[in-house]
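J.: Dropping a structure here in structure tokens format, bear with me for questions.
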Amino acid sequence: MNDSGLIAWNDRLALGLPAIDHDHRRLVSLINALAGHKVRGGRHPELLTLFDELRDYAVTHFRAEERLMEEAAVSAAHRDAHHRAHAGFVAYLDQAVPVLAANPDDIIEPLLAFLMKWLVQHIVGLDARMAREIAASERGPAASDPAADELLHSLAAPLTDLVSHNAELLDLNRNLLHQVGEKQRVRSALAASEARHRLAHHVFENMAEAVVVTDMRTRIQSATPAFTRITGYSEEEVRGHSVFALISQRHDRRFYRRMRSELRDSNAWSGEVWCRLRDGKSHPIWQNISALRNEAGEITHYIAVLSDLGEIHRARDTADRLSWRDPLTGLANRALFMRELTRALARNGRDGQHVDLLLIDIDRFKIINEARGLAAGDAVLRSIAECLSGLVHRDDLVARLDSDEFAVLLSRHAGEREAAARTSLAVSERIRDTLRAGVELDGDRVHLEVSIGIALFPEAGRETASEMLRQADLAMREAKSGRGGQTVFFETAMGESARERYELEHALRHAVGEGELRLHLQPQFDEHGREVGAEALVRWQHPQRGLISPQIFIPIAENSDLVGIVDRWVLEQACRLLARLAGEGRPLDIAVNISPRHFRMPGFVDDLRGVLAQTGADPNRLVLEITEGIFIADHEHAAQRMQLLRRMGLRFSLDDFGTGYSSLAYLKRLPIHELKIDKSFIQDLMTDASDAALVEAILAVASHLDLRVVAEGVETAEQAAFLDRSPGVIRQGYFYGRPQPAEEWLARLPR
């Protein structure tokens, strides 16, 4: 023992990994503290504190190594070796707890011996190899350390000193016992010795790893009980046989040559081998072999430690299965389907065969979940998976891509494209007929309709898997767009239409910032021919495509978050115009269309209040045109928001009145100021008695409820004359004026 403790930190132990070297220094400090405790005969609480610090060291050190190995992509074999070493360390501490509680002094010597062995093997062995792998990943392969063996012997020397010192203590103790003649103390010493032997035997007999000792010719001399648990062979059956006889024939001669070469050069070898079990099966194990040499340097024995890798392999297989399979149905998941689709496209593209993709969506599946519960919905999905698997060829692939979306890959078609299409259609109809007949659910038959989109490869010649799935999705959505329960083949025009919509949406996102939107106004007149207001309309002046019709870009905006951006731009321009008109002494009302999606946005009211304050517009001159869609989904919330805006001075016009539900209850409960009769009724006013009657009924209702009426789409003098019969009707349409750019409309207004 040196002056500073049992062992002093040697800079040659440093691995160049700061966190790991710090932990190793800590372990050296704990070993010295434990040795000092033994020499001083310290108190029991101090030993418990040291034991807790050892546990804390284990947690901190093992986590640090895990992070390093993950970041540096250390090999799986090396990581498995670390896992087993860490598990062995923790297991030893756990097994020492009962001894610590009963006879704390008896645990110090074996614990010191274990920690010294751990320090030598872990730093010089596993951690040094880990450091080399990390260095190799950063700078290329690291050079070997020629001083490794010398360092190993320098670390092992204190352990020899410890054993020698313990022998001296035992001899002194025996002399004292002999001199004193205290029989009881002899018995206690013997009992303590037996306890240590029992502990060692208990640990040895109950280790999860098997330990096998062989002679210099690798003939087995002894084995622990774990060897029987792992291999099925008893110690008697294998004694005298070569340990290599237990290795499976999966390994070739080069494998054995590398093993023997490493044992000869470094006295150790570790790696995964396949062991031949007693029942004839092959089983994966991790094997650490160490060579023992005598004083002359000759190998006398080999010690092999065998760890069962069966659970690790099973866990790996399970993880692999979960990564490629849908856990609910057992079908292929999206990742596996896309991988196989990619392979099929490459393979069949070379062979000139067709790849057919069927995308299947369960119509109104949400109703099943809502009516019967999620568990019933899962049961239906499993039944559908079973049906689909039974309806296709065993070489075809069935997958579940989403909650109620399945896919089938048919990749065996050769010949004409029409023949492949007929085959795909036949499979599609078979699927629809089977599911329409129903699946079992708790004794009932649940009848299902499905929408199926079919994409055939090649369509344009070089489709990717993602492109082909997109084509099938477009076809499936087309099948669902009607009443569902249809099969639709993808056509190139579908993709072109979708691509055009995407490009327009992308361009529209930049249109506001680039100043491409234009404000147009269509005038509104009373029955005396006086202009009383206008409707604000938006137009898009695209730099390449020219003026784009609102019938094209407004639906795109309404199906995305762009509608709020476009609506706000129109509101701001209209409010600026209102403020300008008021400043010029020409006050008029301006109506602005507000989409339901924009109206329901959380910041709509505050945003509108900000626009009014920023522009200085009079809110009493601003009319918000809304449709029934605003309050059908959430009547109470819409009513509260409308009341708040009405108190701010804004008025509401119910647009397209007569085309929706047109509930009179809405007119009574909501702060509606104006009804706007849809132009479809005005256009056929003079030729369709029903339309004329409907218009008269709307005018009568508005009169009784004291609501203003705007008739849009007035294009002829006859239509205007019909409206003259009902006083107070505001008119809008081509007969009175087409939409004009804002500046032209302003120039036409009288001053």
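To be explicit about the labels: the chains of the structure tokens are called A, B, and onward in the order shown, and within each one the residues are counted from 1, while ligands get numbers from 1 in the order they are shown.
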With a distance cut-off of 10 Å and only C-alpha atoms, select the neighbouring residues of Val74 (chain A), excluding the residue or stretch itself and same-chain residues fewer than 5 positions from it, and output the selection as a list in words.

T.: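 The residues satisfying every condition are Glu66, Leu68, Met69, Arg79, Arg129, Met130, Ala131, Arg132, Glu133, Ile134, Ala136 and Ser137 of chain A.
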
J.: Show me, as JSON, numbers by chain, the residues that have an atom within 8 Å of region 609-614 of chain A when counting only C-alpha atoms, minus same-chain residues fewer than 3 positions from it.

T.: {"A": [571, 572, 575, 605, 606, 617, 618, 619]}

J.: Using CA of Leu391 (chain A) and CA of Thr434 (chain A) as the two end points, give the distance in Å to one decimal.

T.: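 So the answer is 8.8 Å.
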
J.: Between CA of Glu505 (chain A) and CA of Val566 (chain A), what is the distance in Å, rounded to a tenth?

T.: 11.9 Å

J.: Could you pull out the residues in region 221-295 of chain A that DSSP calls alpha helix (DSSP H) from the backbone, as number ranges by chain?

T.: A: 225-231, 235-238, 253-266

J.: So, with only C-alpha atoms as the atoms that count, which of A:Ala475, A:Val623, A:Met601, A:Ile31 lies closest to Ala638 (chain A)?

T.: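 Nearest to Ala638 (chain A): A:Met601.
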
J.: If we count only C-alpha atoms and set the cut-off at 12 Å, which residues sit around Asp684 (chain A), ignoring sequence neighbours fewer than 4 positions away in its own chain? Please answer as a list in words.

T.: Asp678, Lys679, Ser680, Asp688, Ala689, Ser690, Asp691, Ala692, Ala693, Leu694, Val695, Gly713, Val714, Glu715, Thr716, Glu718, Gln719 and Phe722 of chain A

J.: Using only N, CA and C atoms, please write the residues we just selected to a file, as a PDB file, in the first residue's frame.

T.:
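Saved to again-v9.pdb:
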```pdb
ATOM      1  N   ASP A 678     -79.868  35.668 -53.103  1.00  0.00           N
ATOM      2  CA  ASP A 678     -78.894  35.078 -54.010  1.00  0.00           C
ATOM      3  C   ASP A 678     -79.285  35.326 -55.462  1.00  0.00           C
ATOM      4  N   LYS A 679     -78.280  35.544 -56.309  1.00  0.00           N
ATOM      5  CA  LYS A 679     -78.535  35.894 -57.705  1.00  0.00           C
ATOM      6  C   LYS A 679     -79.208  34.774 -58.486  1.00  0.00           C
ATOM      7  N   SER A 680     -79.115  33.528 -58.002  1.00  0.00           N
ATOM      8  CA  SER A 680     -79.764  32.426 -58.726  1.00  0.00           C
ATOM      9  C   SER A 680     -81.271  32.602 -58.759  1.00  0.00           C
ATOM     10  N   ASP A 688     -89.477  31.888 -64.052  1.00  0.00           N
ATOM     11  CA  ASP A 688     -89.791  30.805 -63.122  1.00  0.00           C
ATOM     12  C   ASP A 688     -90.681  31.355 -62.017  1.00  0.00           C
ATOM     13  N   ALA A 689     -91.924  30.904 -62.003  1.00  0.00           N
ATOM     14  CA  ALA A 689     -92.881  31.404 -61.017  1.00  0.00           C
ATOM     15  C   ALA A 689     -92.450  31.062 -59.591  1.00  0.00           C
ATOM     16  N   SER A 690     -91.779  29.919 -59.432  1.00  0.00           N
ATOM     17  CA  SER A 690     -91.336  29.529 -58.092  1.00  0.00           C
ATOM     18  C   SER A 690     -90.303  30.507 -57.560  1.00  0.00           C
ATOM     19  N   ASP A 691     -89.348  30.907 -58.424  1.00  0.00           N
ATOM     20  CA  ASP A 691     -88.343  31.874 -57.992  1.00  0.00           C
ATOM     21  C   ASP A 691     -88.993  33.208 -57.653  1.00  0.00           C
ATOM     22  N   ALA A 692     -89.975  33.612 -58.466  1.00  0.00           N
ATOM     23  CA  ALA A 692     -90.669  34.872 -58.193  1.00  0.00           C
ATOM     24  C   ALA A 692     -91.382  34.815 -56.849  1.00  0.00           C
ATOM     25  N   ALA A 693     -92.021  33.675 -56.575  1.00  0.00           N
ATOM     26  CA  ALA A 693     -92.725  33.523 -55.303  1.00  0.00           C
ATOM     27  C   ALA A 693     -91.755  33.534 -54.125  1.00  0.00           C
ATOM     28  N   LEU A 694     -90.619  32.899 -54.304  1.00  0.00           N
ATOM     29  CA  LEU A 694     -89.623  32.871 -53.236  1.00  0.00           C
ATOM     30  C   LEU A 694     -89.089  34.269 -52.947  1.00  0.00           C
ATOM     31  N   VAL A 695     -88.832  35.037 -54.012  1.00  0.00           N
ATOM     32  CA  VAL A 695     -88.331  36.398 -53.817  1.00  0.00           C
ATOM     33  C   VAL A 695     -89.371  37.239 -53.085  1.00  0.00           C
ATOM     34  N   GLY A 713     -77.221  40.279 -58.659  1.00  0.00           N
ATOM     35  CA  GLY A 713     -77.391  39.601 -59.937  1.00  0.00           C
ATOM     36  C   GLY A 713     -78.478  40.219 -60.798  1.00  0.00           C
ATOM     37  N   VAL A 714     -78.833  41.488 -60.552  1.00  0.00           N
ATOM     38  CA  VAL A 714     -79.845  42.166 -61.382  1.00  0.00           C
ATOM     39  C   VAL A 714     -79.183  42.559 -62.700  1.00  0.00           C
ATOM     40  N   GLU A 715     -79.674  41.989 -63.802  1.00  0.00           N
ATOM     41  CA  GLU A 715     -79.005  42.193 -65.090  1.00  0.00           C
ATOM     42  C   GLU A 715     -79.926  42.758 -66.164  1.00  0.00           C
ATOM     43  N   THR A 716     -81.240  42.816 -65.895  1.00  0.00           N
ATOM     44  CA  THR A 716     -82.173  43.302 -66.923  1.00  0.00           C
ATOM     45  C   THR A 716     -83.115  44.335 -66.326  1.00  0.00           C
ATOM     46  N   GLU A 718     -86.306  44.285 -66.764  1.00  0.00           N
ATOM     47  CA  GLU A 718     -87.491  43.582 -66.257  1.00  0.00           C
ATOM     48  C   GLU A 718     -87.283  43.148 -64.804  1.00  0.00           C
ATOM     49  N   GLN A 719     -86.110  42.673 -64.514  1.00  0.00           N
ATOM     50  CA  GLN A 719     -85.819  42.281 -63.136  1.00  0.00           C
ATOM     51  C   GLN A 719     -85.874  43.493 -62.217  1.00  0.00           C
ATOM     52  N   PHE A 722     -89.494  44.444 -61.563  1.00  0.00           N
ATOM     53  CA  PHE A 722     -90.126  43.543 -60.590  1.00  0.00           C
ATOM     54  C   PHE A 722     -89.795  43.987 -59.167  1.00  0.00           C
TER      55      PHE A 722
END
```

J.: Give me, as a PDB file with all heavy atoms, in the first residue's frame, the residues of region 348-406 of chain A that a backbone DSSP run labels strand (DSSP E or B).

T.:
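Once written, result-v2.pdb looks like this:
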```
ATOM      1  N   HIS A 354     -46.168  -4.657 -64.529  1.00  0.00           N
ATOM      2  CA  HIS A 354     -46.972  -3.592 -63.961  1.00  0.00           C
ATOM      3  C   HIS A 354     -47.001  -3.717 -62.445  1.00  0.00           C
ATOM      4  O   HIS A 354     -47.012  -4.817 -61.896  1.00  0.00           O
ATOM      5  CB  HIS A 354     -48.412  -3.646 -64.501  1.00  0.00           C
ATOM      6  CG  HIS A 354     -48.510  -3.301 -65.947  1.00  0.00           C
ATOM      7  ND1 HIS A 354     -48.464  -2.004 -66.412  1.00  0.00           N
ATOM      8  CD2 HIS A 354     -48.637  -4.092 -67.043  1.00  0.00           C
ATOM      9  CE1 HIS A 354     -48.562  -2.012 -67.724  1.00  0.00           C
ATOM     10  NE2 HIS A 354     -48.671  -3.262 -68.136  1.00  0.00           N
ATOM     11  N   VAL A 355     -47.006  -2.578 -61.790  1.00  0.00           N
ATOM     12  CA  VAL A 355     -47.206  -2.514 -60.344  1.00  0.00           C
ATOM     13  C   VAL A 355     -48.530  -1.804 -60.112  1.00  0.00           C
ATOM     14  O   VAL A 355     -48.703  -0.666 -60.543  1.00  0.00           O
ATOM     15  CB  VAL A 355     -46.062  -1.747 -59.641  1.00  0.00           C
ATOM     16  CG1 VAL A 355     -46.325  -1.649 -58.146  1.00  0.00           C
ATOM     17  CG2 VAL A 355     -44.741  -2.430 -59.903  1.00  0.00           C
ATOM     18  N   ASP A 356     -49.458  -2.473 -59.469  1.00  0.00           N
ATOM     19  CA  ASP A 356     -50.780  -1.905 -59.229  1.00  0.00           C
ATOM     20  C   ASP A 356     -50.933  -1.602 -57.747  1.00  0.00           C
ATOM     21  O   ASP A 356     -50.640  -2.450 -56.892  1.00  0.00           O
ATOM     22  CB  ASP A 356     -51.878  -2.879 -59.659  1.00  0.00           C
ATOM     23  CG  ASP A 356     -51.755  -3.246 -61.131  1.00  0.00           C
ATOM     24  OD1 ASP A 356     -50.936  -2.619 -61.818  1.00  0.00           O
ATOM     25  OD2 ASP A 356     -52.470  -4.160 -61.575  1.00  0.00           O
ATOM     26  N   LEU A 357     -51.385  -0.400 -57.446  1.00  0.00           N
ATOM     27  CA  LEU A 357     -51.553   0.047 -56.066  1.00  0.00           C
ATOM     28  C   LEU A 357     -53.013   0.392 -55.826  1.00  0.00           C
ATOM     29  O   LEU A 357     -53.587   1.229 -56.534  1.00  0.00           O
ATOM     30  CB  LEU A 357     -50.664   1.273 -55.796  1.00  0.00           C
ATOM     31  CG  LEU A 357     -50.863   1.997 -54.470  1.00  0.00           C
ATOM     32  CD1 LEU A 357     -50.681   1.053 -53.295  1.00  0.00           C
ATOM     33  CD2 LEU A 357     -49.907   3.170 -54.363  1.00  0.00           C
ATOM     34  N   LEU A 358     -53.617  -0.261 -54.835  1.00  0.00           N
ATOM     35  CA  LEU A 358     -54.996   0.012 -54.444  1.00  0.00           C
ATOM     36  C   LEU A 358     -54.972   0.701 -53.081  1.00  0.00           C
ATOM     37  O   LEU A 358     -54.430   0.149 -52.117  1.00  0.00           O
ATOM     38  CB  LEU A 358     -55.828  -1.276 -54.336  1.00  0.00           C
ATOM     39  CG  LEU A 358     -56.381  -1.890 -55.632  1.00  0.00           C
ATOM     40  CD1 LEU A 358     -55.247  -2.369 -56.528  1.00  0.00           C
ATOM     41  CD2 LEU A 358     -57.324  -3.042 -55.304  1.00  0.00           C
ATOM     42  N   LEU A 359     -55.537   1.884 -53.003  1.00  0.00           N
ATOM     43  CA  LEU A 359     -55.649   2.613 -51.742  1.00  0.00           C
ATOM     44  C   LEU A 359     -57.111   2.578 -51.306  1.00  0.00           C
ATOM     45  O   LEU A 359     -57.997   3.029 -52.043  1.00  0.00           O
ATOM     46  CB  LEU A 359     -55.166   4.049 -51.904  1.00  0.00           C
ATOM     47  CG  LEU A 359     -54.876   4.819 -50.616  1.00  0.00           C
ATOM     48  CD1 LEU A 359     -53.782   4.130 -49.808  1.00  0.00           C
ATOM     49  CD2 LEU A 359     -54.460   6.251 -50.930  1.00  0.00           C
ATOM     50  N   ILE A 360     -57.346   2.041 -50.115  1.00  0.00           N
ATOM     51  CA  ILE A 360     -58.712   1.730 -49.666  1.00  0.00           C
ATOM     52  C   ILE A 360     -59.029   2.561 -48.433  1.00  0.00           C
ATOM     53  O   ILE A 360     -58.309   2.508 -47.433  1.00  0.00           O
ATOM     54  CB  ILE A 360     -58.834   0.236 -49.325  1.00  0.00           C
ATOM     55  CG1 ILE A 360     -58.404  -0.611 -50.539  1.00  0.00           C
ATOM     56  CG2 ILE A 360     -60.244  -0.119 -48.882  1.00  0.00           C
ATOM     57  CD1 ILE A 360     -58.052  -2.040 -50.188  1.00  0.00           C
ATOM     58  N   ASP A 361     -60.116   3.309 -48.492  1.00  0.00           N
ATOM     59  CA  ASP A 361     -60.569   4.103 -47.346  1.00  0.00           C
ATOM     60  C   ASP A 361     -61.968   3.635 -46.939  1.00  0.00           C
ATOM     61  O   ASP A 361     -62.849   3.475 -47.782  1.00  0.00           O
ATOM     62  CB  ASP A 361     -60.602   5.588 -47.700  1.00  0.00           C
ATOM     63  CG  ASP A 361     -60.932   6.455 -46.504  1.00  0.00           C
ATOM     64  OD1 ASP A 361     -60.000   6.803 -45.760  1.00  0.00           O
ATOM     65  OD2 ASP A 361     -62.124   6.773 -46.308  1.00  0.00           O
ATOM     66  N   ILE A 362     -62.153   3.419 -45.621  1.00  0.00           N
ATOM     67  CA  ILE A 362     -63.447   2.956 -45.111  1.00  0.00           C
ATOM     68  C   ILE A 362     -64.369   4.160 -44.993  1.00  0.00           C
ATOM     69  O   ILE A 362     -64.097   5.092 -44.233  1.00  0.00           O
ATOM     70  CB  ILE A 362     -63.287   2.267 -43.734  1.00  0.00           C
ATOM     71  CG1 ILE A 362     -62.134   1.263 -43.776  1.00  0.00           C
ATOM     72  CG2 ILE A 362     -64.580   1.598 -43.332  1.00  0.00           C
ATOM     73  CD1 ILE A 362     -62.264   0.200 -44.830  1.00  0.00           C
ATOM     74  N   LEU A 397     -48.963  -7.591 -51.154  1.00  0.00           N
ATOM     75  CA  LEU A 397     -48.714  -6.983 -49.849  1.00  0.00           C
ATOM     76  C   LEU A 397     -49.917  -6.148 -49.437  1.00  0.00           C
ATOM     77  O   LEU A 397     -50.373  -5.282 -50.188  1.00  0.00           O
ATOM     78  CB  LEU A 397     -47.464  -6.091 -49.900  1.00  0.00           C
ATOM     79  CG  LEU A 397     -47.078  -5.376 -48.595  1.00  0.00           C
ATOM     80  CD1 LEU A 397     -46.715  -6.391 -47.512  1.00  0.00           C
ATOM     81  CD2 LEU A 397     -45.921  -4.414 -48.834  1.00  0.00           C
ATOM     82  N   VAL A 398     -50.409  -6.418 -48.232  1.00  0.00           N
ATOM     83  CA  VAL A 398     -51.504  -5.638 -47.657  1.00  0.00           C
ATOM     84  C   VAL A 398     -50.944  -4.837 -46.491  1.00  0.00           C
ATOM     85  O   VAL A 398     -50.199  -5.367 -45.664  1.00  0.00           O
ATOM     86  CB  VAL A 398     -52.652  -6.543 -47.169  1.00  0.00           C
ATOM     87  CG1 VAL A 398     -53.789  -5.709 -46.590  1.00  0.00           C
ATOM     88  CG2 VAL A 398     -53.159  -7.413 -48.309  1.00  0.00           C
ATOM     89  N   ALA A 399     -51.285  -3.559 -46.413  1.00  0.00           N
ATOM     90  CA  ALA A 399     -50.751  -2.692 -45.361  1.00  0.00           C
ATOM     91  C   ALA A 399     -51.854  -1.804 -44.810  1.00  0.00           C
ATOM     92  O   ALA A 399     -52.853  -1.526 -45.482  1.00  0.00           O
ATOM     93  CB  ALA A 399     -49.616  -1.823 -45.900  1.00  0.00           C
ATOM     94  N   ARG A 400     -51.654  -1.397 -43.570  1.00  0.00           N
ATOM     95  CA  ARG A 400     -52.517  -0.365 -42.969  1.00  0.00           C
ATOM     96  C   ARG A 400     -51.684   0.902 -42.869  1.00  0.00           C
ATOM     97  O   ARG A 400     -50.693   0.953 -42.147  1.00  0.00           O
ATOM     98  CB  ARG A 400     -52.998  -0.796 -41.589  1.00  0.00           C
ATOM     99  CG  ARG A 400     -53.906   0.237 -40.912  1.00  0.00           C
ATOM    100  CD  ARG A 400     -54.361  -0.239 -39.552  1.00  0.00           C
ATOM    101  NE  ARG A 400     -55.147   0.766 -38.864  1.00  0.00           N
ATOM    102  CZ  ARG A 400     -54.992   1.106 -37.595  1.00  0.00           C
ATOM    103  NH1 ARG A 400     -54.059   0.504 -36.859  1.00  0.00           N
ATOM    104  NH2 ARG A 400     -55.751   2.022 -37.040  1.00  0.00           N
ATOM    105  N   LEU A 401     -52.104   1.946 -43.601  1.00  0.00           N
ATOM    106  CA  LEU A 401     -51.320   3.167 -43.681  1.00  0.00           C
ATOM    107  C   LEU A 401     -51.754   4.216 -42.674  1.00  0.00           C
ATOM    108  O   LEU A 401     -50.943   5.019 -42.220  1.00  0.00           O
ATOM    109  CB  LEU A 401     -51.409   3.767 -45.089  1.00  0.00           C
ATOM    110  CG  LEU A 401     -51.016   2.852 -46.250  1.00  0.00           C
ATOM    111  CD1 LEU A 401     -51.012   3.642 -47.544  1.00  0.00           C
ATOM    112  CD2 LEU A 401     -49.661   2.204 -46.015  1.00  0.00           C
ATOM    113  N   ASP A 402     -53.042   4.216 -42.334  1.00  0.00           N
ATOM    114  CA  ASP A 402     -53.567   5.215 -41.411  1.00  0.00           C
ATOM    115  C   ASP A 402     -54.707   4.581 -40.642  1.00  0.00           C
ATOM    116  O   ASP A 402     -54.948   3.372 -40.758  1.00  0.00           O
ATOM    117  CB  ASP A 402     -54.029   6.453 -42.182  1.00  0.00           C
ATOM    118  CG  ASP A 402     -53.953   7.716 -41.340  1.00  0.00           C
ATOM    119  OD1 ASP A 402     -53.879   7.588 -40.100  1.00  0.00           O
ATOM    120  OD2 ASP A 402     -53.979   8.820 -41.909  1.00  0.00           O
ATOM    121  N   GLU A 405     -57.311   3.585 -43.297  1.00  0.00           N
ATOM    122  CA  GLU A 405     -56.814   3.574 -44.672  1.00  0.00           C
ATOM    123  C   GLU A 405     -55.884   2.375 -44.867  1.00  0.00           C
ATOM    124  O   GLU A 405     -54.908   2.218 -44.134  1.00  0.00           O
ATOM    125  CB  GLU A 405     -56.080   4.878 -44.959  1.00  0.00           C
ATOM    126  CG  GLU A 405     -55.670   5.052 -46.409  1.00  0.00           C
ATOM    127  CD  GLU A 405     -55.061   6.421 -46.659  1.00  0.00           C
ATOM    128  OE1 GLU A 405     -55.834   7.379 -46.850  1.00  0.00           O
ATOM    129  OE2 GLU A 405     -53.830   6.535 -46.624  1.00  0.00           O
ATOM    130  N   PHE A 406     -56.206   1.562 -45.851  1.00  0.00           N
ATOM    131  CA  PHE A 406     -55.423   0.368 -46.155  1.00  0.00           C
ATOM    132  C   PHE A 406     -54.883   0.483 -47.580  1.00  0.00           C
ATOM    133  O   PHE A 406     -55.380   1.277 -48.396  1.00  0.00           O
ATOM    134  CB  PHE A 406     -56.282  -0.895 -46.035  1.00  0.00           C
ATOM    135  CG  PHE A 406     -56.769  -1.175 -44.634  1.00  0.00           C
ATOM    136  CD1 PHE A 406     -57.899  -0.535 -44.138  1.00  0.00           C
ATOM    137  CD2 PHE A 406     -56.102  -2.073 -43.820  1.00  0.00           C
ATOM    138  CE1 PHE A 406     -58.347  -0.783 -42.846  1.00  0.00           C
ATOM    139  CE2 PHE A 406     -56.540  -2.326 -42.534  1.00  0.00           C
ATOM    140  CZ  PHE A 406     -57.670  -1.681 -42.043  1.00  0.00           C
TER     141      PHE A 406
END
```

J.: Find the residue from A:Arg254, A:Arg539, A:Arg597, A:Arg217 that sits nearest to Ser560 (chain A); use only C-alpha atoms when measuring.

T.: A:Arg597

J.: Which residue, A:Arg364, A:Lys480, A:Leu345, A:Ser428, has the smallest gap to Met468 (chain A) when you use only C-alpha atoms?

T.: A:Leu345

J.: Can you work out which one of A:Leu292, A:Met207, A:Leu17, A:Leu547 has the shortest atom-to-atom distance to Gly88 (chain A), counting only C-alpha atoms?

T.: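 Among the listed residues, the smallest separation from Gly88 (chain A) belongs to A:Met207.
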
J.: With distances taken over only C-alpha atoms, which residue among A:Ile431, A:Leu328, A:Ala579, A:Val592 lies nearest Gly377 (chain A)?

T.: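 Smallest separation from Gly377 (chain A) among the options: A:Leu328.
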
J.: How many Å separate CA of Ser424 (chain A) from CA of Leu410 (chain A)?

T.: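 Between CA of Ser424 (chain A) and CA of Leu410 (chain A) the gap is 7.7 Å.
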
J.: Which of these, A:Ala375, A:Leu508, A:Ala479, A:Leu341, has the shortest distance to Phe457 (chain A) once you count only C-alpha atoms?

T.: A:Leu341
